[in-house]
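Here's the structure we're looking at; comments come further down.
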Amino acid sequence: MFVSAFAKAYPLTVDETFAKHWDTWFTLDDLEALKDAGINTFRIPLGYWMVEALVERPVENYPRGGLQYLRRGLGWMRDAGIHVILDHHAAPGVQDPASEFAGDCTDNVEFYTPHNYHRALVWTAVMTALTHLDPQFSSVFSIEAVNEPIMDATKTPGYGQFQKNFVKTVRAIETVLGIPVPGYSTLHPTSFSSTNFTAALSEACAASLFDTEVVEALYEAIPILLDIGSECGLEDILTSMPFSSQRTPLVTSFMDVNWQYNNPSNPADAAIGPQGYDNHLYYSYASLSIWYSYLQRVQNDAILGNSPLWFGEWALPTEFNATDEFLKQWGDAQKLAYSQGAGWIFWNFKTEISNLTNGTALARQWSYLEALDLGLLTKDPAAYHNADVCEPYKDSSTSTTTSAIPSSTTNSTALETSLSPSTSPLSVPSVKSDKKLSRLVKRHGHLPNFSNGAKGFF
């Protein structure tokens, strides 16, 4: 997402351009096609600018108006029975250098500071409140704290404390709503004299019921929620209607502990109530020597308490010119490996197909719908072209590849604007593909082309 660059370059038309993109990129036809294909979960990557009050203009530049399209899409997913993960994909201040997905492709990474951790907690409070109170959000079951932080933990100071504050912020909102959370909820709405949610939230903050960092985020979220209520017709829900929720606690989620190195904090230490863990595997960016360690990620994470684990991004790219037959095997092998965990999510549900992308050359590897049309992935996401695809490559003398093959094909099939396959050590030619171009499509959903907009949350 060159979102910030686009907004800076076209300040007078960026909102209109993105509105057109959001209105047309993800459609009811897309939803029906994915539902018919057996997809049961979407992971929606969101920029922090979905909560427009958090954007510090004029220094920061992002499009306005995304929340209305998010609410519309969530309503469609609710009606279709699709489960949803809200993924904080682009955090305030940028969480990863030179990464288009972070919203601003820059080396000036400022997320790992008290100010931007605070803004991320405000975003969390707003999204948690909307998830429990806005009927459009009723299919959301999880919120992911931040997508793909820097892997070197020495460059992410304070991230472990942010993980704990993220969970506490979610649980604080749920506590005020009277949602029982094992090990945390001690209050019920009847404990408050206020008769509406935002007033009760303010009362709970004044009573110092929560940690200081959490209280500060909750206080700042209150006027933002009131503004959103006014804009989206939620005033009664937020200010006058009974606010006790019948929902269950959200599943808080993080990239798994093994995403980082150099003595990272363990997100399992932050858990209060239900929690899940995410990892993203793209073998086109890894050497052969790394592949084998990937295959035991589920087991290695479980030892450190990072379970359940799902694979929130994968796709079919390779570092060579793969044939269709190879991609079929590639998809099967990855699905077999990822089905060991709680499920998988393919990146992306579709990508641009145009002269800019050399037709379907990249869509066949990055678009779930295109891969289905070409027969590279099975129509039934729990099925395989060849369930024994990995058998010739398994080494019975080691546990690495053996444990990568599940005994059952049951899995939680999912989609975010993404889905994808993994690999076993299949023999491959050495011809390289255009790695840079492939990464751009992975990050954007289409090539960056300012004449037709850029990728937002869908």
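For the structure tokens, the naming scheme is as follows: chains receive sequential letters (A, B, ...) according to their order of presentation, residues are indexed from 1 within each chain, and ligands are indexed from 1 in presentation order.
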Backbone-only DSSP, alpha helix (DSSP H) members of region 142-385 of chain A, as a PyMOL selection string
chain A and resi 159-176+197-206+212-232+235-239+288-294+297-303+324-338+363-366+368-373
Between CA of Phe326 (chain A) and CA of Gln296 (chain A), measure the distance and give it in Å to one decimal.
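Result for CA of Phe326 (chain A) versus CA of Gln296 (chain A): 22.9 Å, one decimal.
You can rank A:Thr124, A:Thr360, A:Thr13, A:Ser202 by their closest distance to Leu46 (chain A) using only C-alpha atoms, and at the top of that list sits A:Thr124.
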Could you list, with a cut-off of 10 Å and counting only C-alpha atoms, the residues of region 197-257 of chain A near region 56-73 of chain A, each shown with its nearest atom pair and the distance in Å rounded to one decimal, rows sorted by chain and ascending number, as JSON lines?
{"residue": "A:Ile228", "atom": "CA", "partner": "A:Leu67", "partner_atom": "CA", "distance": 9.1}
{"residue": "A:Glu231", "atom": "CA", "partner": "A:Gln68", "partner_atom": "CA", "distance": 9.2}
{"residue": "A:Cys232", "atom": "CA", "partner": "A:Gln68", "partner_atom": "CA", "distance": 7.7}
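The residue set within 6 Å of His280 (chain A), counting only C-alpha atoms and dropping same-chain residues fewer than 2 places from it, reads Phe311, Gly312 and Glu313 of chain A.
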Now that the selection is made, can you save its residues with C-alpha atoms as a JSON list (two decimals), in the first residue's frame?
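Once written, result.json looks like this:
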[["chain", "number", "residue", "atom", "x", "y", "z"],
["A", 311, "PHE", "CA", -1.21, -19.45, 9.07],
["A", 312, "GLY", "CA", -2.63, -16.04, 8.25],
["A", 313, "GLU", "CA", -0.87, -15.51, 4.93]]
According to DSSP computed on the backbone, where in region 72-131 of chain A is there strand (DSSP E)? Give the residues as a list of chain:residue names.
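Everything in region 72-131 of chain A that counts as strand (DSSP E) is A:His83, A:Val84, A:Ile85, A:Leu86, A:Asp87, A:His88, A:His89, A:Ala90.
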Taking all heavy atoms for each residue, export the selection above as a compact mmCIF listing (two decimals), in the first residue's frame.
# COMPACT_ATOMS: atom_id res chain seq x y z
N HIS A 83 -16.86 -15.79 9.15
CA HIS A 83 -16.18 -15.32 10.36
C HIS A 83 -15.05 -14.36 9.96
O HIS A 83 -14.42 -14.52 8.92
CB HIS A 83 -15.62 -16.49 11.15
CG HIS A 83 -16.65 -17.52 11.49
ND1 HIS A 83 -17.65 -17.31 12.41
CD2 HIS A 83 -16.85 -18.77 11.00
CE1 HIS A 83 -18.40 -18.39 12.50
NE2 HIS A 83 -17.95 -19.29 11.65
N VAL A 84 -14.77 -13.38 10.83
CA VAL A 84 -13.85 -12.29 10.45
C VAL A 84 -12.79 -12.04 11.52
O VAL A 84 -13.10 -11.99 12.72
CB VAL A 84 -14.63 -10.98 10.19
CG1 VAL A 84 -13.68 -9.83 9.90
CG2 VAL A 84 -15.61 -11.17 9.03
N ILE A 85 -11.55 -11.87 11.06
CA ILE A 85 -10.45 -11.37 11.88
C ILE A 85 -10.16 -9.95 11.40
O ILE A 85 -9.93 -9.73 10.21
CB ILE A 85 -9.18 -12.22 11.71
CG1 ILE A 85 -9.43 -13.67 12.13
CG2 ILE A 85 -8.02 -11.62 12.51
CD1 ILE A 85 -8.30 -14.61 11.73
N LEU A 86 -10.17 -8.97 12.31
CA LEU A 86 -9.75 -7.62 11.98
C LEU A 86 -8.25 -7.53 12.26
O LEU A 86 -7.81 -7.66 13.41
CB LEU A 86 -10.51 -6.58 12.81
CG LEU A 86 -12.02 -6.52 12.61
CD1 LEU A 86 -12.62 -5.41 13.49
CD2 LEU A 86 -12.38 -6.29 11.14
N ASP A 87 -7.49 -7.31 11.22
CA ASP A 87 -6.03 -7.30 11.32
C ASP A 87 -5.52 -5.86 11.26
O ASP A 87 -5.74 -5.16 10.26
CB ASP A 87 -5.46 -8.13 10.16
CG ASP A 87 -4.05 -7.77 9.77
OD1 ASP A 87 -3.24 -7.47 10.68
OD2 ASP A 87 -3.74 -7.77 8.55
N HIS A 88 -4.86 -5.39 12.32
CA HIS A 88 -4.25 -4.05 12.33
C HIS A 88 -3.00 -4.13 11.47
O HIS A 88 -1.88 -4.29 11.95
CB HIS A 88 -3.92 -3.63 13.76
CG HIS A 88 -3.73 -2.16 13.91
ND1 HIS A 88 -3.46 -1.57 15.12
CD2 HIS A 88 -3.78 -1.14 13.02
CE1 HIS A 88 -3.35 -0.25 14.96
NE2 HIS A 88 -3.53 0.01 13.69
N HIS A 89 -3.20 -3.99 10.17
CA HIS A 89 -2.18 -4.29 9.18
C HIS A 89 -1.14 -3.17 9.06
O HIS A 89 0.03 -3.43 8.79
CB HIS A 89 -2.85 -4.53 7.82
CG HIS A 89 -2.08 -5.43 6.92
ND1 HIS A 89 -2.00 -6.79 7.12
CD2 HIS A 89 -1.37 -5.18 5.79
CE1 HIS A 89 -1.28 -7.35 6.16
NE2 HIS A 89 -0.88 -6.39 5.34
N ALA A 90 -1.59 -1.94 9.19
CA ALA A 90 -0.70 -0.78 9.08
C ALA A 90 -0.88 0.06 10.33
O ALA A 90 -1.89 0.75 10.49
CB ALA A 90 -1.01 0.02 7.83
Near Tyr261 (chain A), within 9 Å and counting only C-alpha atoms, which residues show up once chain neighbours fewer than 2 positions away are dropped, as a list in words?
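So the residues in contact are Met151, Asp152, Ala153, Thr154, Val257, Asn258, Trp259, Asn263 and Pro264 of chain A.
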Residues near Arg78 (chain A), cut-off 7 Å, only C-alpha atoms, skip fewer than 4 positions along chain, as a PyMOL selection string
chain A and resi 74+82+138-139
Provide the CA of Gly375 (chain A) to CA of Gln329 (chain A) distance in Å, to one decimal place.
11.5 Å
For Lys350 (chain A), which residue out of A:Ala33, A:Leu225, A:Thr128, A:Ser4 is the nearest one, using only C-alpha atoms?
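Checking each candidate against Lys350 (chain A), we get A:Ala33 as the closest.
Nearest residue to Gln299 (chain A), choosing from A:Ser208, A:Gly341, A:Ala383, A:Val51 and counting only C-alpha atoms: A:Gly341.
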Between CA of Ala200 (chain A) and CA of Val140 (chain A) lies a distance of 23.4 Å
Extract, using only C-alpha atoms, all DNA, RNA and protein residues at most 10 Å from Arg171 (chain A), discarding same-chain residues fewer than 6 positions from it, and format them as a PyMOL selection string.
chain A and resi 125+128+165+177+179-181+184-185+210+249-250+252+272-273
I need the chosen residues saved as a tab-separated table (two decimals), in the first residue's frame, with all heavy atoms.
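Writing done, so here's part_28.tsv:
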chain	number	residue	atom	x	y	z
A	125	ALA	N	-9.31	0.09	21.22
A	125	ALA	CA	-10.51	0.36	22.02
A	125	ALA	C	-11.70	0.64	21.12
A	125	ALA	O	-12.81	0.14	21.36
A	125	ALA	CB	-10.26	1.53	22.96
A	128	THR	N	-12.74	-2.61	19.27
A	128	THR	CA	-13.37	-3.56	20.20
A	128	THR	C	-14.79	-3.13	20.53
A	128	THR	O	-15.73	-3.96	20.53
A	128	THR	CB	-12.55	-3.67	21.49
A	128	THR	OG1	-11.22	-4.09	21.18
A	128	THR	CG2	-13.18	-4.68	22.45
A	165	ASN	N	-0.76	-4.46	27.06
A	165	ASN	CA	-1.74	-3.36	27.09
A	165	ASN	C	-2.82	-3.54	26.03
A	165	ASN	O	-3.98	-3.15	26.24
A	165	ASN	CB	-1.03	-2.03	26.91
A	165	ASN	CG	-0.24	-1.61	28.14
A	165	ASN	OD1	-0.52	-2.06	29.25
A	165	ASN	ND2	0.76	-0.77	27.94
A	177	LEU	N	-18.82	-3.84	29.35
A	177	LEU	CA	-20.00	-4.38	28.69
A	177	LEU	C	-20.59	-5.58	29.42
A	177	LEU	O	-21.63	-6.09	29.02
A	177	LEU	CB	-19.65	-4.79	27.24
A	177	LEU	CG	-19.42	-3.64	26.27
A	177	LEU	CD1	-18.84	-4.17	24.95
A	177	LEU	CD2	-20.73	-2.90	26.00
A	179	ILE	N	-19.17	-8.58	29.72
A	179	ILE	CA	-18.81	-9.83	29.06
A	179	ILE	C	-17.82	-10.57	29.95
A	179	ILE	O	-16.72	-10.08	30.20
A	179	ILE	CB	-18.19	-9.57	27.68
A	179	ILE	CG1	-19.20	-8.84	26.78
A	179	ILE	CG2	-17.73	-10.87	27.03
A	179	ILE	CD1	-18.61	-8.38	25.46
A	180	PRO	N	-18.17	-11.73	30.46
A	180	PRO	CA	-17.26	-12.45	31.34
A	180	PRO	C	-15.99	-12.89	30.61
A	180	PRO	O	-16.07	-13.53	29.56
A	180	PRO	CB	-18.08	-13.67	31.79
A	180	PRO	CG	-19.50	-13.32	31.48
A	180	PRO	CD	-19.46	-12.43	30.28
A	181	VAL	N	-14.85	-12.54	31.16
A	181	VAL	CA	-13.56	-12.97	30.63
A	181	VAL	C	-12.83	-13.69	31.75
A	181	VAL	O	-12.52	-13.08	32.77
A	181	VAL	CB	-12.72	-11.77	30.15
A	181	VAL	CG1	-11.37	-12.26	29.60
A	181	VAL	CG2	-13.47	-10.97	29.10
A	184	TYR	N	-10.33	-12.10	34.47
A	184	TYR	CA	-10.26	-10.64	34.36
A	184	TYR	C	-11.55	-9.93	34.73
A	184	TYR	O	-11.54	-8.99	35.50
A	184	TYR	CB	-9.87	-10.23	32.94
A	184	TYR	CG	-9.47	-8.77	32.83
A	184	TYR	CD1	-8.23	-8.35	33.28
A	184	TYR	CD2	-10.34	-7.83	32.29
A	184	TYR	CE1	-7.85	-7.02	33.19
A	184	TYR	CE2	-9.96	-6.50	32.20
A	184	TYR	CZ	-8.71	-6.10	32.64
A	184	TYR	OH	-8.34	-4.79	32.56
A	185	SER	N	-12.68	-10.34	34.20
A	185	SER	CA	-13.92	-9.61	34.40
A	185	SER	C	-14.39	-9.73	35.85
A	185	SER	O	-14.66	-10.83	36.33
A	185	SER	CB	-15.01	-10.13	33.46
A	185	SER	OG	-14.70	-9.81	32.14
A	210	PHE	N	-8.56	0.33	35.66
A	210	PHE	CA	-7.63	-0.27	34.71
A	210	PHE	C	-6.27	0.41	34.79
A	210	PHE	O	-6.13	1.47	35.38
A	210	PHE	CB	-8.20	-0.16	33.28
A	210	PHE	CG	-9.63	-0.59	33.16
A	210	PHE	CD1	-10.62	0.31	32.79
A	210	PHE	CD2	-10.00	-1.91	33.42
A	210	PHE	CE1	-11.94	-0.08	32.69
A	210	PHE	CE2	-11.32	-2.31	33.32
A	210	PHE	CZ	-12.30	-1.39	32.96
A	249	PRO	N	-16.16	-13.22	24.65
A	249	PRO	CA	-14.93	-12.44	24.54
A	249	PRO	C	-14.27	-12.63	23.17
A	249	PRO	O	-14.31	-13.72	22.59
A	249	PRO	CB	-14.03	-13.01	25.65
A	249	PRO	CG	-14.96	-13.67	26.60
A	249	PRO	CD	-16.10	-14.17	25.78
A	250	LEU	N	-13.67	-11.56	22.68
A	250	LEU	CA	-12.91	-11.65	21.43
A	250	LEU	C	-11.66	-12.49	21.63
A	250	LEU	O	-11.10	-12.57	22.74
A	250	LEU	CB	-12.50	-10.25	20.96
A	250	LEU	CG	-13.61	-9.37	20.40
A	250	LEU	CD1	-13.10	-7.95	20.18
A	250	LEU	CD2	-14.15	-9.95	19.10
A	252	THR	N	-8.05	-12.35	21.16
A	252	THR	CA	-6.93	-11.47	20.85
A	252	THR	C	-5.89	-12.28	20.09
A	252	THR	O	-5.73	-13.48	20.33
A	252	THR	CB	-6.31	-10.88	22.13
A	252	THR	OG1	-6.00	-11.94	23.03
A	252	THR	CG2	-7.29	-9.92	22.81
A	272	ILE	N	-5.06	-12.96	28.33
A	272	ILE	CA	-6.13	-12.96	29.34
A	272	ILE	C	-7.38	-13.40	28.58
A	272	ILE	O	-7.90	-12.65	27.76
A	272	ILE	CB	-6.36	-11.57	29.95
A	272	ILE	CG1	-5.08	-11.03	30.59
A	272	ILE	CG2	-7.49	-11.62	30.97
A	272	ILE	CD1	-5.20	-9.57	31.02
A	273	GLY	N	-7.84	-14.58	28.81
A	273	GLY	CA	-8.96	-15.08	28.02
A	273	GLY	C	-8.47	-15.68	26.71
A	273	GLY	O	-7.27	-15.95	26.53
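Of the residues under consideration (A:Val146, A:Leu295, A:Val167, A:Leu238), A:Val146 shows the shortest atom-to-atom contact distance to Phe254 (chain A) when counting only C-alpha atoms.
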If you count only C-alpha atoms, which residues fall within 12 Å of Asp236 (chain A), apart from same-chain ones fewer than 6 positions away, as an NGL selection string?
:A and (133-134 or 195-198 or 225-226 or 228-230 or 242-243)
I need the residue nearest Glu100 (chain A) from this list: A:Gln163, A:Val3, A:Ala9, A:Glu370. Use only C-alpha atoms for the distance.
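Smallest distance to Glu100 (chain A) is found for A:Val3.
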